[in-house]
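Trainee: Take a look at the following structure, please.
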Amino acid sequence: MTADILLDMRQITKAFPGVKALDRVDLKVRRGEIHAICGENGAGKSTLMKVLSGVYPAGSFDGEIVYDGQPAHFRHIADSEHRGIIIIHQELALVPQLSIAENIFLGNERGRRGVVDWRETNHRTEQLLAKVGLKEPPTRLVDRIGVGKQQLVEIAKALSKDVKLLILDEPTAALQETDSRKLLDLMLELKAQGVTCILISHKLGEVRYVADTVTVIRDGTTVSTLDAKAGISENEIVRDMVGRDMTHRFPQHERRPGAVLMEVEDWTVWHPERAERKVIKGANFNVRAGEVVGIAGLMGSGRTELAMSIFGRSWGRDISGTVKLKGQPVDVSTVQRAIAAGISYVTEDRKSLGLVLDETIRFNTTLANLEGVSSRGVLKRNEETRVAERYREALATRTPTVFQKVVNLSGGNQQKVVLAKWLFTAPEVLILDEPTRGIDVGAKYEIYTIVNELAAQGKGVVMISSEMPELLGMCDRIYVMSEGALVGELTAAEASQERIMSLIVND
Amino acid sequence: MALAEGVNKAGGTGSAKGIGAYLASHLREYGLLLALIVVMIFFQIVTDGTLLKAVNVTNLLLQNSYIVIMALGMLIVIVAGHIDLSVGSVMGFIGALAAVMMVNHGYSMPVTIVVCLVVGGVIGAAQGYWVAYWKIPSFIVTLAGMLVFRGLSLWLLEGQSVGPFPREFQVIANGFVPDVFPAGFGAALAGFFEVRQVNVLALAAGVVTAAAIVWMGLTQRARNRAYGIDDEPFAFFVARNAIVAAALVFITYKLSTFRGLPNVLITMGVLTVIYAFITANTVIGRRIYALGGNQKAAKLSGINTERLTFLAFTNMGVLAAAAGLVFAARLNTATPKAGFALELDVIAAVFIGGASMSGGVGTIIGAVVGAFLMGVLNNGMSIMGIGIDYQQMIKGLVLLAAVIFDVYNKNKG
Ligand SMILES: Nc1ncnc2c1ncn2[C@@H]1O[C@H](COP(=O)(O)OP(=O)(O)OP(=O)(O)O)[C@@H](O)[C@H]1O
Ligand SMILES: [Mg+2]
């Protein structure tokens, strides 16, 4: 092999109670390359990076790490940061109430004797922001900028620390396509400046775009290391990931939508804090029985707000408009009532809104329908376990048992638990908000299959997604949302990426 | 396909897992039980056997009954993610109310008890209302409550002690359940054990309860086995049940050689069983854990989080009132200082029992054992004649140690 190996992880093995997350994984990263790691949910990608960065300290795993020519024994994250390894986790670690500059130099403040030198801090921040191509004043609060920009701030923060090896764990999962592209181009630029990158992503298009080398991990072992410079097809990666050929990304379906199931009329919602802001502006839409309807739009266009305000007024104030199910107006003023009426909402923010992380899979699966596993207020434990098992099997959730705490599951498997919870409420209309965020191709296919099954049973599905291929591949109709208004409606036959984008832009 | 592989892999490592790993993940529960035993043995030795004398065991139960009763409610409040600092004051206030009603105004006992429990519920509801529907931090609301009800007790009693209570009321705290078995039975057993007397009912109750606990443990174990939950190694199961059963029989035996089962033990036992059942096996219990574990997710799952919080505080108020009645009956007077700083003992018991400050974690049994651990410490140190100054310091350090142990365990896991 070439002499210039920056990082060499050999035979890494890491076990948790009941699960062997990594089983003799090898990873070699060359200096100055962009190295992608692909693998199914729960394959062990994040765990491998946590081993590398010292989140799991030396001694808590087996195997050897050689970094920059020397054996590495990191006991804390600080140890690895000191050597220039910076990891950006999928969940952003910025403090929303602090400014961009304050965040960048958090824990690394510029100044002397405990007094911050603001001139220097802001000046350095400006330089760093210019490097990552972000045009925001250093004093702007982080919660006032979008997720895409926040991601860039994270990178600026990494650059402030003299980074040699930058690790990005699913950096684009929550990003808009344009923002993703910006971030990928920045990675290429950093590479030109000599920074080595490790990228974990389920978006294979991105992997193809930036990666020099791809390592595929399956079930905690290295399956293959592919040279991507010569050109590599998504199918090759997928085959190694799932261990078989996957010719279709979307399951076959044939749908015959029936009568209108749910209608939303003149739905208007105001911002909960800023009273002058109308967030949803008189939206009208409907879903037929047996139909999958998509809602496309940019981040911040109000799609989540629309869904959450319908689902028990969980967002916003001064909500007006009507929701009809099968022609009858229904009361959706509380979550209980919305569920009782037959509406369920799968949140996009599974960690803070979807799951009780410290509880088990079983606990979370039945939480929204405890009546279904109890009689006269007393839980039937066996029945509950059976239900959890049933959904574990149906969704192929990877876990030793349903008594595993969900915090210990990989991101994609957590998503399946959230989905199981709402499927168990047996909804008439299921609203899915970014249902495949952070989910691998195989699991996506499984989720699409479930959506198709629901439609085949005559249920209505509303799918909010930022991944246009997903909307195009799955939906019978697509509404386009822009700045709080539904600006267009396309049938499956009419819809294309370009038409959707032009509707958004023209508005 | 993929699923089967995942399961097999996990199953393989799972069954190979040793006793050490099991112990590591359940250190907390065993640790608490072990701590109680160690503390008891220690005091039994340094007090020359006074700790476990029949009269002292009886005393221990009577002394701690009101703490245990309040700990049941406090556990729920803490699991729901809140705290109640007012319980000591509320308890004192209710004692005062009972005294004024019965001693000064001659109301009958049943009327007084009902009124007191209702007033306790109303007090809890009033505090819960602000916490649940106005989102005012429970720390503030109940801190205010603590001051208000301390003041109200003083006002109600006009700064005096009021008592004594009628006999029938004292019996709540100081009475014993009469033996229902024929006297000859007890005499025979007394002869056998070579003691002065044996209350057969007490002993029988202990044996039956111990048997029930073992039986429930066995069925639970069989069920776990059926679903392949990581099972307690058999040796552990036997040891734990043997210790618990032996301790129960031993304690009831001690009680039976003195005056039998105290009435409060029955109250306490029944309440503990009810609350343990509610928290572990009912829909409402499940929802409380969800509320404390992640309030937003609970709300979006259709749980009426406000009403649940409101109910948790209302329940706490009723239990604080019950404790107030027991306390007043035990002292046979109501004093303006009754219940002073007791809330701290109650809260400490719950945290020693393994509850988490951030909510969503904790068990009724843990809280009860925590209360008795504190109780044995108090009692043992008092017998040894250790000053109140040292007692306070030691209790504080025990609380700190328990919580540090929790945090350490969590970080390691
Ligand atoms: N703290 C933990 N305790 C127990 N099991 C764990 C823990 N952390 C991870 N695991 C398990 O280890 C395996 C690998 O998890 P990891 O998070 O590395 O997956 P991943 O490849 O990053 O998946 P995803 O694409 O879904 O993020 C999973 O089966 C997961 O359940
Ligand atoms: Mg991951």
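Going through the structure tokens in order, the chains are called A, B, and so on, while each chain numbers its residues from 1 and the ligands are numbered from 1 in the order shown.
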Could you list, as a list of chain:residue names, all protein and nucleic acid residues with an atom at most 7 Å from ligand 2, counting only C-alpha atoms and all ligand atoms?
Mentor: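 Listed by chain and ascending number, the contacts are A:Asn41, A:Gly42, A:Lys45, A:Ser46, A:Asp169, A:Ser410, A:Gly411.
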Trainee: Please save all heavy atoms of the selected residues as an mmCIF file, in the first residue's frame.
Mentor:
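Written file, selection_11.cif:
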data_model
loop_
_atom_site.group_PDB
_atom_site.id
_atom_site.type_symbol
_atom_site.label_atom_id
_atom_site.label_comp_id
_atom_site.auth_asym_id
_atom_site.auth_seq_id
_atom_site.Cartn_x
_atom_site.Cartn_y
_atom_site.Cartn_z
ATOM 1 N N ASN A 41 -28.057 0.565 8.892
ATOM 2 C CA ASN A 41 -28.283 1.057 10.238
ATOM 3 C C ASN A 41 -27.836 0.004 11.238
ATOM 4 O O ASN A 41 -28.200 -1.158 11.121
ATOM 5 C CB ASN A 41 -29.769 1.342 10.472
ATOM 6 C CG ASN A 41 -30.279 2.435 9.569
ATOM 7 O OD1 ASN A 41 -31.224 2.249 8.833
ATOM 8 N ND2 ASN A 41 -29.625 3.573 9.604
ATOM 9 N N GLY A 42 -27.047 0.437 12.189
ATOM 10 C CA GLY A 42 -26.609 -0.506 13.205
ATOM 11 C C GLY A 42 -25.413 -1.325 12.779
ATOM 12 O O GLY A 42 -25.006 -2.242 13.478
ATOM 13 N N LYS A 45 -21.013 2.022 12.274
ATOM 14 C CA LYS A 45 -20.244 3.165 11.774
ATOM 15 C C LYS A 45 -19.980 4.196 12.869
ATOM 16 O O LYS A 45 -18.839 4.603 13.105
ATOM 17 C CB LYS A 45 -21.016 3.841 10.616
ATOM 18 C CG LYS A 45 -21.389 2.889 9.497
ATOM 19 C CD LYS A 45 -22.197 3.578 8.422
ATOM 20 C CE LYS A 45 -23.543 4.072 8.884
ATOM 21 N NZ LYS A 45 -24.537 3.025 9.169
ATOM 22 N N SER A 46 -21.047 4.600 13.527
ATOM 23 C CA SER A 46 -20.873 5.617 14.573
ATOM 24 C C SER A 46 -20.004 5.081 15.695
ATOM 25 O O SER A 46 -19.175 5.800 16.258
ATOM 26 C CB SER A 46 -22.234 6.043 15.124
ATOM 27 O OG SER A 46 -23.013 6.599 14.101
ATOM 28 N N ASP A 169 -20.293 12.718 10.780
ATOM 29 C CA ASP A 169 -21.232 11.604 10.895
ATOM 30 C C ASP A 169 -22.600 12.072 10.388
ATOM 31 O O ASP A 169 -23.281 12.844 11.045
ATOM 32 C CB ASP A 169 -21.323 11.140 12.349
ATOM 33 C CG ASP A 169 -22.036 9.791 12.472
ATOM 34 O OD1 ASP A 169 -22.627 9.338 11.474
ATOM 35 O OD2 ASP A 169 -21.989 9.197 13.564
ATOM 36 N N SER A 410 -29.096 2.059 17.023
ATOM 37 C CA SER A 410 -28.543 2.983 16.036
ATOM 38 C C SER A 410 -29.674 3.874 15.543
ATOM 39 O O SER A 410 -30.851 3.562 15.706
ATOM 40 C CB SER A 410 -27.935 2.210 14.881
ATOM 41 O OG SER A 410 -28.959 1.719 14.055
ATOM 42 N N GLY A 411 -29.290 5.003 14.938
ATOM 43 C CA GLY A 411 -30.278 5.999 14.526
ATOM 44 C C GLY A 411 -31.416 5.432 13.689
ATOM 45 O O GLY A 411 -32.594 5.721 13.928
#
Trainee: With 9 Å as the limit and counting only C-alpha atoms, what residues in chain A lie close to chain B? Please list them as a ChimeraX atom specification.
Mentor: /A:15-20,219,242-243,311-312,314,334-339,345,347,350-359,363-364,367-371,374,376-382,385,393,396-403,421-422
Trainee: What is the atom CA of A:Met246 to atom CA of A:Glu470 distance in Å?
Mentor: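 Interatomic distance here is 16.2 Å.
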Trainee: B:Ala348: which residues within 8 Å, counting only C-alpha atoms, same-chain residues fewer than 5 positions away excluded, as a VMD selection string?
Mentor: chain B and resid 370 to 371 399
Trainee: Identify, on the basis of only C-alpha atoms, every residue whose closest approach to A:Leu486 does not exceed 8 Å; exclude the query and any residue fewer than 4 positions from it along the same chain; express the result as an NGL selection string.
Mentor: :A and (283-284 or 479-482)
Trainee: Write out the residues from the selection above, keeping all heavy atoms, as a PDB file, in the first residue's frame.
Mentor:
ATOM      1  N   ALA A 283     -53.981  26.905   4.119  1.00  0.00           N
ATOM      2  CA  ALA A 283     -53.666  25.725   3.310  1.00  0.00           C
ATOM      3  C   ALA A 283     -54.897  24.853   3.091  1.00  0.00           C
ATOM      4  O   ALA A 283     -55.718  24.679   3.985  1.00  0.00           O
ATOM      5  CB  ALA A 283     -52.575  24.906   4.002  1.00  0.00           C
ATOM      6  N   ASN A 284     -55.038  24.358   1.880  1.00  0.00           N
ATOM      7  CA  ASN A 284     -56.096  23.406   1.544  1.00  0.00           C
ATOM      8  C   ASN A 284     -55.462  22.177   0.917  1.00  0.00           C
ATOM      9  O   ASN A 284     -54.705  22.304  -0.040  1.00  0.00           O
ATOM     10  CB  ASN A 284     -57.056  23.994   0.507  1.00  0.00           C
ATOM     11  CG  ASN A 284     -57.900  25.103   1.095  1.00  0.00           C
ATOM     12  OD1 ASN A 284     -58.768  24.853   1.916  1.00  0.00           O
ATOM     13  ND2 ASN A 284     -57.613  26.326   0.697  1.00  0.00           N
ATOM     14  N   TYR A 479     -48.008  17.858  -3.280  1.00  0.00           N
ATOM     15  CA  TYR A 479     -48.260  19.285  -3.067  1.00  0.00           C
ATOM     16  C   TYR A 479     -46.912  19.958  -2.879  1.00  0.00           C
ATOM     17  O   TYR A 479     -46.004  19.382  -2.280  1.00  0.00           O
ATOM     18  CB  TYR A 479     -49.084  19.504  -1.811  1.00  0.00           C
ATOM     19  CG  TYR A 479     -50.534  19.091  -1.934  1.00  0.00           C
ATOM     20  CD1 TYR A 479     -50.947  17.837  -1.513  1.00  0.00           C
ATOM     21  CD2 TYR A 479     -51.470  19.964  -2.463  1.00  0.00           C
ATOM     22  CE1 TYR A 479     -52.274  17.457  -1.607  1.00  0.00           C
ATOM     23  CE2 TYR A 479     -52.795  19.598  -2.565  1.00  0.00           C
ATOM     24  CZ  TYR A 479     -53.199  18.349  -2.138  1.00  0.00           C
ATOM     25  OH  TYR A 479     -54.512  17.976  -2.238  1.00  0.00           O
ATOM     26  N   VAL A 480     -46.819  21.184  -3.358  1.00  0.00           N
ATOM     27  CA  VAL A 480     -45.570  21.920  -3.172  1.00  0.00           C
ATOM     28  C   VAL A 480     -45.834  23.068  -2.223  1.00  0.00           C
ATOM     29  O   VAL A 480     -46.778  23.837  -2.403  1.00  0.00           O
ATOM     30  CB  VAL A 480     -45.034  22.454  -4.513  1.00  0.00           C
ATOM     31  CG1 VAL A 480     -43.732  23.200  -4.292  1.00  0.00           C
ATOM     32  CG2 VAL A 480     -44.830  21.301  -5.476  1.00  0.00           C
ATOM     33  N   MET A 481     -44.997  23.163  -1.208  1.00  0.00           N
ATOM     34  CA  MET A 481     -45.203  24.192  -0.194  1.00  0.00           C
ATOM     35  C   MET A 481     -44.072  25.193  -0.257  1.00  0.00           C
ATOM     36  O   MET A 481     -42.907  24.833  -0.435  1.00  0.00           O
ATOM     37  CB  MET A 481     -45.231  23.541   1.178  1.00  0.00           C
ATOM     38  CG  MET A 481     -45.652  24.477   2.271  1.00  0.00           C
ATOM     39  SD  MET A 481     -46.476  23.545   3.570  1.00  0.00           S
ATOM     40  CE  MET A 481     -47.167  24.886   4.505  1.00  0.00           C
ATOM     41  N   SER A 482     -44.435  26.455  -0.122  1.00  0.00           N
ATOM     42  CA  SER A 482     -43.415  27.488  -0.109  1.00  0.00           C
ATOM     43  C   SER A 482     -43.864  28.621   0.801  1.00  0.00           C
ATOM     44  O   SER A 482     -44.987  29.106   0.667  1.00  0.00           O
ATOM     45  CB  SER A 482     -43.190  27.997  -1.531  1.00  0.00           C
ATOM     46  OG  SER A 482     -42.263  29.051  -1.503  1.00  0.00           O
TER      47      SER A 482
END
Trainee: Please identify all polymer residues within 12 Å of B:Lys410, counting only C-alpha atoms, omitting same-chain residues fewer than 3 positions from it, and present them as a PyMOL selection string.
Mentor: (chain A and resi 358) or (chain B and resi 24-28+354+356+403-407+413)
Trainee: Suppose you want the space between atom CA of A:Gly54 and atom CA of A:Thr221; what is it in Å?
Mentor: 19.9 Å
Trainee: Give me the residues near B:Gly317 as a list of chain:residue names, where near means some atom within 8 Å (using only C-alpha atoms) and where sequence neighbours in that chain fewer than 3 positions away do not count.
Mentor: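 So, after excluding close chain neighbours, the residues are B:Val87, B:Val90, B:Gly120, B:Gly121, B:Val122, B:Ile123, B:Gly124, B:Ala125, B:Phe313, B:Thr314, B:Ala320, B:Ala321.
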Trainee: Could you jot down the atom CA of A:Arg362 to atom CA of A:Phe424 separation for me, Å, one decimal place?
Mentor: 11.7 Å
Trainee: Out of stretch 169-295 of chain A, which residues get helix (DSSP H, G or I) from DSSP, as an NGL selection string?
Mentor: :A and (177-192 or 204-210 or 234-242)
Trainee: Kindly export the residues of the current selection with N, CA and C atoms, as a compact mmCIF listing (two decimals), in the first residue's frame.
Mentor:
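Saved the output as part18.txt:
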# COMPACT_ATOMS: atom_id res chain seq x y z
N GLU A 177 -31.05 20.01 -0.31
CA GLU A 177 -30.09 19.60 -1.32
C GLU A 177 -29.03 20.66 -1.63
N THR A 178 -29.49 21.91 -1.75
CA THR A 178 -28.51 22.97 -2.07
C THR A 178 -27.49 23.11 -0.95
N ASP A 179 -27.97 23.04 0.30
CA ASP A 179 -27.04 23.16 1.43
C ASP A 179 -26.08 21.99 1.46
N SER A 180 -26.61 20.80 1.16
CA SER A 180 -25.76 19.62 1.14
C SER A 180 -24.64 19.82 0.13
N ARG A 181 -25.01 20.32 -1.05
CA ARG A 181 -24.04 20.50 -2.10
C ARG A 181 -22.93 21.45 -1.65
N LYS A 182 -23.34 22.53 -0.98
CA LYS A 182 -22.38 23.51 -0.47
C LYS A 182 -21.39 22.84 0.47
N LEU A 183 -21.95 22.01 1.35
CA LEU A 183 -21.11 21.35 2.34
C LEU A 183 -20.13 20.39 1.68
N LEU A 184 -20.62 19.66 0.66
CA LEU A 184 -19.74 18.71 -0.02
C LEU A 184 -18.63 19.44 -0.76
N ASP A 185 -18.99 20.58 -1.37
CA ASP A 185 -17.95 21.34 -2.07
C ASP A 185 -16.92 21.86 -1.09
N LEU A 186 -17.38 22.25 0.08
CA LEU A 186 -16.45 22.70 1.11
C LEU A 186 -15.50 21.57 1.50
N MET A 187 -16.03 20.37 1.58
CA MET A 187 -15.17 19.22 1.90
C MET A 187 -14.09 19.06 0.85
N LEU A 188 -14.49 19.20 -0.41
CA LEU A 188 -13.50 19.07 -1.49
C LEU A 188 -12.43 20.15 -1.38
N GLU A 189 -12.86 21.33 -0.98
CA GLU A 189 -11.92 22.44 -0.84
C GLU A 189 -10.95 22.18 0.30
N LEU A 190 -11.48 21.67 1.41
CA LEU A 190 -10.63 21.36 2.56
C LEU A 190 -9.62 20.28 2.19
N LYS A 191 -10.09 19.36 1.38
CA LYS A 191 -9.20 18.30 0.93
C LYS A 191 -8.04 18.90 0.14
N ALA A 192 -8.36 19.87 -0.71
CA ALA A 192 -7.31 20.52 -1.50
C ALA A 192 -6.30 21.21 -0.58
N LEU A 204 -25.92 7.87 -1.05
CA LEU A 204 -24.83 7.32 -1.85
C LEU A 204 -24.42 8.26 -2.98
N GLY A 205 -25.35 9.09 -3.43
CA GLY A 205 -25.02 10.06 -4.45
C GLY A 205 -23.90 10.98 -3.96
N GLU A 206 -24.02 11.41 -2.71
CA GLU A 206 -23.01 12.27 -2.13
C GLU A 206 -21.68 11.55 -2.00
N VAL A 207 -21.78 10.30 -1.59
CA VAL A 207 -20.57 9.51 -1.43
C VAL A 207 -19.83 9.44 -2.77
N ARG A 208 -20.59 9.19 -3.82
CA ARG A 208 -19.97 9.11 -5.14
C ARG A 208 -19.35 10.44 -5.53
N TYR A 209 -20.00 11.52 -5.12
CA TYR A 209 -19.55 12.85 -5.52
C TYR A 209 -18.21 13.22 -4.89
N VAL A 210 -18.02 12.92 -3.62
CA VAL A 210 -16.80 13.40 -2.96
C VAL A 210 -15.76 12.34 -2.63
N GLU A 234 -23.60 3.17 -7.47
CA GLU A 234 -24.32 3.04 -6.20
C GLU A 234 -24.67 1.59 -5.94
N ASN A 235 -24.96 0.88 -7.04
CA ASN A 235 -25.36 -0.51 -6.84
C ASN A 235 -24.26 -1.36 -6.23
N GLU A 236 -23.02 -1.05 -6.61
CA GLU A 236 -21.91 -1.81 -6.02
C GLU A 236 -21.87 -1.62 -4.52
N ILE A 237 -22.01 -0.35 -4.09
CA ILE A 237 -21.97 -0.07 -2.65
C ILE A 237 -23.14 -0.76 -1.96
N VAL A 238 -24.31 -0.62 -2.56
CA VAL A 238 -25.49 -1.21 -1.94
C VAL A 238 -25.35 -2.72 -1.80
N ARG A 239 -24.79 -3.34 -2.83
CA ARG A 239 -24.66 -4.79 -2.77
C ARG A 239 -23.78 -5.20 -1.59
N ASP A 240 -22.70 -4.49 -1.41
CA ASP A 240 -21.83 -4.82 -0.28
C ASP A 240 -22.50 -4.51 1.06
N MET A 241 -23.30 -3.44 1.07
CA MET A 241 -23.96 -3.06 2.32
C MET A 241 -24.97 -4.09 2.77
N VAL A 242 -25.82 -4.52 1.85
CA VAL A 242 -26.90 -5.41 2.25
C VAL A 242 -26.60 -6.87 1.95
